[in-house]
>>> print(open('coords-v1.pdb').read())   # PDB, C-alpha atoms (C1' of nucleotides)
ATOM      1  CA  MET A1312     101.764 324.067 148.947
ATOM      2  CA  PRO A1313     104.468 326.628 148.041
ATOM      3  CA  THR A1314     103.543 330.237 147.503
ATOM      4  CA  THR A1315     104.901 332.118 144.491
ATOM      5  CA  LEU A1316     104.997 335.892 144.552
ATOM      6  CA  ALA A1317     105.727 337.719 141.332
ATOM      7  CA  THR A1318     106.146 341.317 140.245
ATOM      8  CA  TRP A1319     105.937 342.626 136.691
ATOM      9  CA  ASN A1320     105.863 346.085 135.195
ATOM     10  CA  VAL A1321     103.694 345.317 132.166
ATOM     11  CA  ASN A1322     103.892 348.807 130.573
ATOM     12  CA  SER A1323     100.183 348.929 129.647
ATOM     13  CA  LEU A1324      97.969 346.080 130.759
ATOM     14  CA  LYS A1325      95.730 346.672 127.738
ATOM     15  CA  VAL A1326      98.567 345.920 125.334
ATOM     16  CA  ARG A1327     100.180 343.218 127.479
ATOM     17  CA  LEU A1328      97.084 341.277 128.570
ATOM     18  CA  PRO A1329      97.727 338.379 126.138
ATOM     19  CA  HIS A1330     101.308 338.075 127.438
ATOM     20  CA  LEU A1331     100.109 338.209 131.023
ATOM     21  CA  LEU A1332      97.426 335.560 130.504
ATOM     22  CA  ASP A1333      99.922 333.234 128.798
ATOM     23  CA  TRP A1334     102.398 333.811 131.587
ATOM     24  CA  LEU A1335      99.833 333.201 134.358
ATOM     25  CA  GLY A1336      98.842 329.963 132.646
ATOM     26  CA  ALA A1337     102.437 328.803 132.381
ATOM     27  CA  HIS A1338     103.563 329.666 135.927
ATOM     28  CA  ARG A1339     100.361 329.736 137.996
ATOM     29  CA  PRO A1340     101.880 332.185 140.515
ATOM     30  CA  THR A1341      99.941 332.614 143.751
ATOM     31  CA  ILE A1342     100.244 336.407 143.907
ATOM     32  CA  VAL A1343     101.229 338.844 141.161
ATOM     33  CA  CYS A1344     102.032 342.527 141.613
ATOM     34  CA  LEU A1345     101.590 344.574 138.436
ATOM     35  CA  GLN A1346     102.816 348.072 137.666
ATOM     36  CA  GLU A1347     102.126 350.582 134.907
ATOM     37  CA  THR A1348      98.711 349.170 134.103
ATOM     38  CA  LYS A1349      97.842 352.580 132.592
ATOM     39  CA  LEU A1350      94.129 351.853 132.995
ATOM     40  CA  THR A1351      91.314 353.531 134.853
ATOM     41  CA  ASP A1352      89.534 351.099 137.175
ATOM     42  CA  ASP A1353      86.492 350.803 134.900
ATOM     43  CA  LYS A1354      88.788 349.422 132.165
ATOM     44  CA  PHE A1355      90.541 346.816 134.318
ATOM     45  CA  PRO A1356      90.199 343.357 132.703
ATOM     46  CA  VAL A1357      88.549 341.744 135.736
ATOM     47  CA  ALA A1358      86.629 339.136 133.716
ATOM     48  CA  ASP A1359      89.622 337.935 131.670
ATOM     49  CA  LEU A1360      91.687 337.506 134.829
ATOM     50  CA  GLU A1361      88.854 335.836 136.674
ATOM     51  CA  ALA A1362      88.516 333.369 133.796
ATOM     52  CA  ALA A1363      92.234 332.697 134.238
ATOM     53  CA  GLY A1364      91.620 331.940 137.916
ATOM     54  CA  TYR A1365      92.696 335.242 139.459
ATOM     55  CA  ARG A1366      90.977 337.742 141.695
ATOM     56  CA  SER A1367      92.049 341.347 141.017
ATOM     57  CA  VAL A1368      92.688 344.268 143.318
ATOM     58  CA  TYR A1369      93.617 347.425 141.427
ATOM     59  CA  ALA A1370      94.177 351.141 141.645
ATOM     60  CA  GLY A1371      94.615 352.851 138.318
ATOM     61  CA  GLN A1372      94.373 356.114 136.447
ATOM     62  CA  LYS A1373      94.329 357.347 132.897
ATOM     63  CA  THR A1374      97.513 357.149 130.767
ATOM     64  CA  TYR A1375     100.141 356.732 133.493
ATOM     65  CA  ASN A1376     101.070 354.618 136.518
ATOM     66  CA  GLY A1377      98.506 352.175 137.937
ATOM     67  CA  VAL A1378      99.126 349.148 140.166
ATOM     68  CA  ALA A1379      97.306 345.871 140.751
ATOM     69  CA  VAL A1380      97.600 342.689 142.783
ATOM     70  CA  LEU A1381      96.311 339.416 141.325
ATOM     71  CA  LEU A1382      95.469 336.560 143.669
ATOM     72  CA  HIS A1383      95.124 332.968 142.565
ATOM     73  CA  ALA A1384      91.571 332.383 143.776
ATOM     74  CA  ASP A1385      92.001 328.679 144.613
ATOM     75  CA  SER A1386      95.164 329.264 146.652
ATOM     76  CA  VAL A1387      94.511 332.229 148.875
ATOM     77  CA  THR A1388      91.685 333.804 150.789
ATOM     78  CA  ALA A1389      90.096 337.115 149.869
ATOM     79  CA  PRO A1390      92.354 340.125 150.512
ATOM     80  CA  THR A1391      91.822 342.361 153.515
ATOM     81  CA  GLU A1392      93.308 345.697 154.645
ATOM     82  CA  VAL A1393      93.447 347.086 151.118
ATOM     83  CA  GLN A1394      95.544 350.246 151.135
ATOM     84  CA  ILE A1395      95.740 352.496 148.079
ATOM     85  CA  ASN A1396      98.747 354.822 148.036
ATOM     86  CA  LEU A1397     100.816 355.901 151.013
ATOM     87  CA  PRO A1398      98.650 357.325 153.801
ATOM     88  CA  ASN A1399     101.444 359.768 154.710
ATOM     89  CA  PHE A1400     102.019 361.105 151.173
ATOM     90  CA  ALA A1401      99.257 362.936 149.319
ATOM     91  CA  ASP A1402      99.508 361.903 145.671
ATOM     92  CA  GLU A1403      97.282 361.898 142.588
ATOM     93  CA  GLN A1404      99.500 359.231 141.022
ATOM     94  CA  LYS A1405      98.483 355.637 141.672
ATOM     95  CA  ARG A1406     101.744 354.014 142.689
ATOM     96  CA  LEU A1407     101.113 351.803 145.687
ATOM     97  CA  LEU A1408      98.681 349.056 146.606
ATOM     98  CA  ALA A1409      98.930 346.956 149.762
ATOM     99  CA  VAL A1410      96.797 343.946 150.625
ATOM    100  CA  THR A1411      96.819 341.355 153.368
ATOM    101  CA  VAL A1412      96.369 337.726 152.335
ATOM    102  CA  GLY A1413      96.251 335.381 155.302
ATOM    103  CA  ASP A1414      99.288 336.272 157.399
ATOM    104  CA  LEU A1415     101.093 337.815 154.440
ATOM    105  CA  ARG A1416     101.240 341.563 153.835
ATOM    106  CA  VAL A1417     101.892 342.314 150.157
ATOM    107  CA  VAL A1418     102.961 345.796 149.125
ATOM    108  CA  CYS A1419     102.975 346.468 145.388
ATOM    109  CA  GLY A1420     104.871 349.587 144.389
ATOM    110  CA  TYR A1421     105.551 351.534 141.224
ATOM    111  CA  PHE A1422     108.280 353.809 142.514
ATOM    112  CA  PRO A1423     108.723 357.152 140.752
ATOM    113  CA  ASN A1424     111.192 357.181 137.881
ATOM    114  CA  GLY A1425     112.837 360.479 138.811
ATOM    115  CA  GLN A1426     113.499 361.552 135.198
ATOM    116  CA  ALA A1427     116.853 363.232 135.890
ATOM    117  CA  VAL A1428     118.980 363.856 138.963
ATOM    118  CA  GLY A1429     118.167 367.293 140.356
ATOM    119  CA  SER A1430     114.818 367.572 138.564
ATOM    120  CA  GLU A1431     111.510 368.170 140.311
ATOM    121  CA  LYS A1432     110.543 364.571 139.583
ATOM    122  CA  TYR A1433     113.757 363.377 141.207
ATOM    123  CA  GLU A1434     112.938 365.322 144.368
ATOM    124  CA  TYR A1435     109.447 363.816 144.277
ATOM    125  CA  LYS A1436     111.030 360.358 143.995
ATOM    126  CA  LEU A1437     113.195 360.898 147.064
ATOM    127  CA  ARG A1438     110.284 362.294 149.092
ATOM    128  CA  TRP A1439     108.119 359.350 148.033
ATOM    129  CA  LEU A1440     110.851 356.925 149.140
ATOM    130  CA  GLU A1441     111.165 358.667 152.482
ATOM    131  CA  SER A1442     107.414 358.428 153.069
ATOM    132  CA  LEU A1443     107.400 354.775 152.000
ATOM    133  CA  THR A1444     110.178 353.975 154.467
ATOM    134  CA  ASP A1445     108.396 355.800 157.303
ATOM    135  CA  TRP A1446     105.101 354.073 156.560
ATOM    136  CA  LEU A1447     106.752 350.629 156.331
ATOM    137  CA  ARG A1448     108.223 351.026 159.811
ATOM    138  CA  GLY A1449     104.693 350.859 161.201
ATOM    139  CA  GLU A1450     103.555 348.120 158.823
ATOM    140  CA  LEU A1451     106.473 345.940 159.891
ATOM    141  CA  THR A1452     105.469 346.102 163.550
ATOM    142  CA  ARG A1453     102.077 344.608 162.607
ATOM    143  CA  HIS A1454     103.140 342.215 159.850
ATOM    144  CA  PRO A1455     106.127 339.926 160.488
ATOM    145  CA  LYS A1456     105.580 338.467 157.001
ATOM    146  CA  LEU A1457     105.723 341.361 154.569
ATOM    147  CA  ALA A1458     106.884 341.557 150.967
ATOM    148  CA  LEU A1459     107.602 344.790 149.115
ATOM    149  CA  ALA A1460     107.432 343.924 145.431
ATOM    150  CA  GLY A1461     107.554 346.198 142.462
ATOM    151  CA  ASP A1462     109.359 348.444 140.060
ATOM    152  CA  TYR A1463     111.695 350.337 142.381
ATOM    153  CA  ASN A1464     113.357 352.296 139.583
ATOM    154  CA  ILE A1465     116.593 351.854 141.536
ATOM    155  CA  ALA A1466     119.560 349.650 140.691
ATOM    156  CA  PRO A1467     121.005 349.023 144.161
ATOM    157  CA  GLU A1468     124.547 347.895 143.299
ATOM    158  CA  PRO A1469     127.101 348.090 140.473
ATOM    159  CA  ARG A1470     126.456 344.445 139.565
ATOM    160  CA  ASP A1471     122.839 345.435 138.874
ATOM    161  CA  VAL A1472     123.933 347.764 136.060
ATOM    162  CA  HIS A1473     125.391 346.687 132.709
ATOM    163  CA  ASP A1474     127.794 349.637 132.652
ATOM    164  CA  PRO A1475     128.122 351.001 136.196
ATOM    165  CA  ALA A1476     130.777 353.565 135.240
ATOM    166  CA  ALA A1477     128.521 355.121 132.607
ATOM    167  CA  TRP A1478     125.471 355.003 134.895
ATOM    168  CA  GLU A1479     127.170 356.294 138.042
ATOM    169  CA  GLY A1480     125.332 359.371 139.259
ATOM    170  CA  GLN A1481     122.560 359.007 136.676
ATOM    171  CA  VAL A1482     118.932 358.631 137.676
ATOM    172  CA  LEU A1483     118.176 355.009 138.730
ATOM    173  CA  PHE A1484     121.779 354.658 139.917
ATOM    174  CA  SER A1485     122.569 357.825 141.863
ATOM    175  CA  GLU A1486     123.884 357.687 145.410
ATOM    176  CA  PRO A1487     120.761 359.242 147.048
ATOM    177  CA  GLU A1488     118.572 356.627 145.366
ATOM    178  CA  ARG A1489     120.880 353.790 146.411
ATOM    179  CA  ALA A1490     120.924 355.239 149.941
ATOM    180  CA  ALA A1491     117.120 355.146 149.958
ATOM    181  CA  PHE A1492     117.248 351.494 148.892
ATOM    182  CA  ARG A1493     119.686 350.769 151.723
ATOM    183  CA  GLY A1494     117.234 352.550 154.008
ATOM    184  CA  LEU A1495     114.696 349.861 153.138
ATOM    185  CA  LEU A1496     117.257 347.154 153.915
ATOM    186  CA  ASP A1497     117.952 348.939 157.202
ATOM    187  CA  LEU A1498     114.331 348.249 158.156
ATOM    188  CA  GLY A1499     115.365 344.594 158.154
ATOM    189  CA  LEU A1500     114.137 343.766 154.654
ATOM    190  CA  LYS A1501     116.140 341.318 152.534
ATOM    191  CA  ASP A1502     116.567 341.378 148.758
ATOM    192  CA  SER A1503     115.105 337.957 147.914
ATOM    193  CA  PHE A1504     117.045 337.810 144.625
ATOM    194  CA  ARG A1505     120.359 338.069 146.452
ATOM    195  CA  LEU A1506     119.525 335.288 148.890
ATOM    196  CA  PHE A1507     120.614 332.936 146.107
ATOM    197  CA  GLU A1508     123.435 332.407 143.640
ATOM    198  CA  GLN A1509     122.482 334.253 140.443
ATOM    199  CA  PRO A1510     123.784 334.438 136.886
ATOM    200  CA  GLU A1511     126.060 337.299 135.848
ATOM    201  CA  ARG A1512     124.290 340.198 134.149
ATOM    202  CA  SER A1513     120.899 339.529 135.735
ATOM    203  CA  TYR A1514     118.629 342.447 134.853
ATOM    204  CA  THR A1515     114.897 343.177 134.850
ATOM    205  CA  TRP A1516     114.714 346.108 132.430
ATOM    206  CA  TRP A1517     116.229 346.807 129.019
ATOM    207  CA  ASP A1518     115.686 349.894 126.890
ATOM    208  CA  TYR A1519     113.534 349.305 123.829
ATOM    209  CA  ARG A1520     116.182 351.079 121.764
ATOM    210  CA  ASN A1521     119.553 350.034 120.438
ATOM    211  CA  LEU A1522     118.910 346.287 120.750
ATOM    212  CA  ALA A1523     119.576 346.668 124.464
ATOM    213  CA  PHE A1524     118.012 343.321 125.398
ATOM    214  CA  ARG A1525     119.971 341.337 122.831
ATOM    215  CA  ARG A1526     123.149 343.115 123.924
ATOM    216  CA  LYS A1527     122.413 342.446 127.610
ATOM    217  CA  MET A1528     122.442 346.181 128.331
ATOM    218  CA  GLY A1529     120.026 346.230 131.233
ATOM    219  CA  LEU A1530     119.404 347.233 134.810
ATOM    220  CA  ARG A1531     118.005 345.292 137.760
ATOM    221  CA  ILE A1532     115.406 347.734 139.046
ATOM    222  CA  ASP A1533     112.474 345.434 139.892
ATOM    223  CA  HIS A1534     112.749 343.810 143.298
ATOM    224  CA  ILE A1535     111.038 341.693 145.913
ATOM    225  CA  LEU A1536     112.188 342.675 149.395
ATOM    226  CA  VAL A1537     111.019 340.479 152.254
ATOM    227  CA  THR A1538     111.075 340.441 156.035
ATOM    228  CA  PRO A1539     113.400 337.973 157.829
ATOM    229  CA  ALA A1540     110.447 335.688 158.653
ATOM    230  CA  LEU A1541     109.663 335.433 154.928
ATOM    231  CA  ALA A1542     113.311 335.219 153.886
ATOM    232  CA  ALA A1543     113.632 332.169 156.141
ATOM    233  CA  THR A1544     111.044 330.341 154.009
ATOM    234  CA  CYS A1545     112.198 331.701 150.638
ATOM    235  CA  THR A1546     113.352 328.807 148.437
ATOM    236  CA  GLY A1547     114.206 330.716 145.276
ATOM    237  CA  CYS A1548     114.029 333.953 143.310
ATOM    238  CA  ILE A1549     114.408 334.237 139.557
ATOM    239  CA  ILE A1550     113.995 336.745 136.736
ATOM    240  CA  ASP A1551     111.995 335.290 133.847
ATOM    241  CA  VAL A1552     113.376 336.860 130.668
ATOM    242  CA  GLU A1553     111.180 334.783 128.347
ATOM    243  CA  PRO A1554     108.366 337.364 128.043
ATOM    244  CA  ARG A1555     110.992 339.968 127.024
ATOM    245  CA  ARG A1556     111.894 337.829 123.989
ATOM    246  CA  ARG A1557     108.365 337.957 122.601
ATOM    247  CA  GLU A1558     106.920 340.281 119.981
ATOM    248  CA  GLN A1559     105.741 343.613 121.446
ATOM    249  CA  PRO A1560     107.125 342.912 124.931
ATOM    250  CA  SER A1561     107.080 344.966 128.073
ATOM    251  CA  ASP A1562     110.506 346.514 128.604
ATOM    252  CA  HIS A1563     110.517 344.850 132.062
ATOM    253  CA  ALA A1564     110.812 341.157 132.881
ATOM    254  CA  PRO A1565     108.863 339.543 135.731
ATOM    255  CA  VAL A1566     110.581 338.538 138.977
ATOM    256  CA  LEU A1567     109.314 335.491 140.907
ATOM    257  CA  ALA A1568     110.077 334.515 144.479
ATOM    258  CA  THR A1569     109.003 331.154 145.896
ATOM    259  CA  PHE A1570     108.236 330.421 149.553
ATOM    260  CA  ALA A1571     107.916 327.042 151.226
TER     261      ALA A1571
ATOM    262  C1'  DA B 610     124.941 362.899 118.423
ATOM    263  C1'  DT B 611     120.117 364.407 124.182
ATOM    264  C1'  DG B 612     118.750 360.644 119.049
ATOM    265  C1'  DG B 613     117.262 355.662 119.157
ATOM    266  C1'  DC B 614     111.595 352.924 120.927
ATOM    267  C1'  DA B 615     107.076 352.276 123.011
ATOM    268  C1'  DT B 616     102.560 353.831 124.951
ATOM    269  C1'  DG B 617      98.539 356.856 125.412
ATOM    270  C1'  DA B 618      95.905 360.948 124.281
ATOM    271  C1'  DC B 619      94.744 362.888 120.246
ATOM    272  C1'  DA B 620      94.125 363.577 115.846
ATOM    273  C1'  DA B 621     100.168 366.063 114.421
ATOM    274  C1'  DT B 622     102.751 365.899 117.604
ATOM    275  C1'  DC B 623     103.714 365.585 122.572
ATOM    276  C1'  DA B 624     104.499 363.822 127.616
ATOM    277  C1'  DT B 625     106.624 360.181 129.794
ATOM    278  C1'  DG B 626     109.355 356.398 130.652
ATOM    279  C1'  DA B 627     114.251 354.365 132.412
TER     280       DA B 627
END
>>> encode(input="coords-v1.pdb", output="structure tokens")
Amino acid sequence: MPTTLATWNVNSLKVRLPHLLDWLGAHRPTIVCLQETKLTDDKFPVADLEAAGYRSVYAGQKTYNGVAVLLHADSVTAPTEVQINLPNFADEQKRLLAVTVGDLRVVCGYFPNGQAVGSEKYEYKLRWLESLTDWLRGELTRHPKLALAGDYNIAPEPRDVHDPAAWEGQVLFSEPERAAFRGLLDLGLKDSFRLFEQPERSYTWWDYRNLAFRRKMGLRIDHILVTPALAATCTGCIIDVEPRRREQPSDHAPVLATFA
DNA sequence: ATGGCATGACAATCATGA
């Protein structure tokens, strides 16, 4: 039975719940990492997701951020070792949720946006990335099969940006951010999307403005990084742009990786 | 052209996103 791991920044789970339920029904992914749920825990749609066959683990807050991991109840055992936020980075913002499912460690992250290079939020982003990298070093010693899935808010390479010359040095595509991404690869993690031949202009986010999606003006900022032991069993990784075509879409598309 | 669009909190605009 193959395992499918997906990540999707839904930009408000309240608004996007119908899209999510349709998408879960169509793809039946085993594990789904969600970002920007923008819901306090008392508002999380546990019952709707349970009716769809999914167990929910979630860590949210009012208005901003919020992460969740959905587990297909028939496919995987109950999660253990639930970790909310980085233990080495004090933070009011709910941006990280890690769970262990069988021998798989799943880390769901909503990385800081950074707003603008040089801003306070940019410095916060870089510090958050440094803490994430430090914390992962320890996690990796205990979990040979680990996936780091989420909205990284980093386009790692020029081919991940529709106009790399215009974006060079801007937030999401500045050298310090790309260096932090390489720091994650230096831990031994592999970008599951790049394990396979992919179409030109593959992106996961498009601005709501200026018909950016239709004009293919996007960035690939949502990723699923995996350890070598997981990469060895990875049979595919795709970006599903279909939900982005719908009415009232999230500005992000889901990414799905499949494992034998 | 620092706009454009979307979401949430809040009750007219404003913070934030990427």
>>> interface_residues(input="coords-v1.pdb", of="chain B", to="chain A", cutoff="9 Å", atoms="all atoms listed in the file", output="PDB file with C-alpha atoms (C1' of nucleotides), in the frame of the given file")
ATOM      1  C1'  DG B 613     117.262 355.662 119.157  1.00  0.00           C
ATOM      2  C1'  DC B 614     111.595 352.924 120.927  1.00  0.00           C
ATOM      3  C1'  DA B 615     107.076 352.276 123.011  1.00  0.00           C
ATOM      4  C1'  DT B 616     102.560 353.831 124.951  1.00  0.00           C
ATOM      5  C1'  DG B 617      98.539 356.856 125.412  1.00  0.00           C
ATOM      6  C1'  DA B 618      95.905 360.948 124.281  1.00  0.00           C
ATOM      7  C1'  DT B 625     106.624 360.181 129.794  1.00  0.00           C
ATOM      8  C1'  DG B 626     109.355 356.398 130.652  1.00  0.00           C
ATOM      9  C1'  DA B 627     114.251 354.365 132.412  1.00  0.00           C
TER      10       DA B 627
END
>>> closest_residue(input="coords-v1.pdb", among="A:Asp1533, A:Asp1352, A:Asp1551, A:Glu1558", to="His1330 of chain A", atoms="all atoms listed in the file")
A:Glu1558
>>> closest_residue(input="coords-v1.pdb", among="A:Tyr1433, A:Leu1332, A:Thr1314, A:Pro1539", to="Ala1362 of chain A", atoms="all atoms listed in the file")
A:Leu1332
>>> atom_distance(input="coords-v1.pdb", atom1="atom CA of Ala1370 of chain A", atom2="atom CA of Leu1407 of chain A")
8.1 Å
>>> residues_around(input="coords-v1.pdb", residues="Pro1423 of chain A", least_positions_apart="4", cutoff="9 Å", atoms="only C-alpha atoms (C1' of nucleotides)", output="list in words")
Arg1406, Lys1432, Tyr1433, Tyr1435, Lys1436, Leu1437, Trp1439, Leu1440, Asp1462, Tyr1463 and Asn1464 of chain A
>>> atom_distance(input="coords-v1.pdb", atom1="atom CA of Lys1325 of chain A", atom2="atom CA of Thr1391 of chain A")
26.4 Å
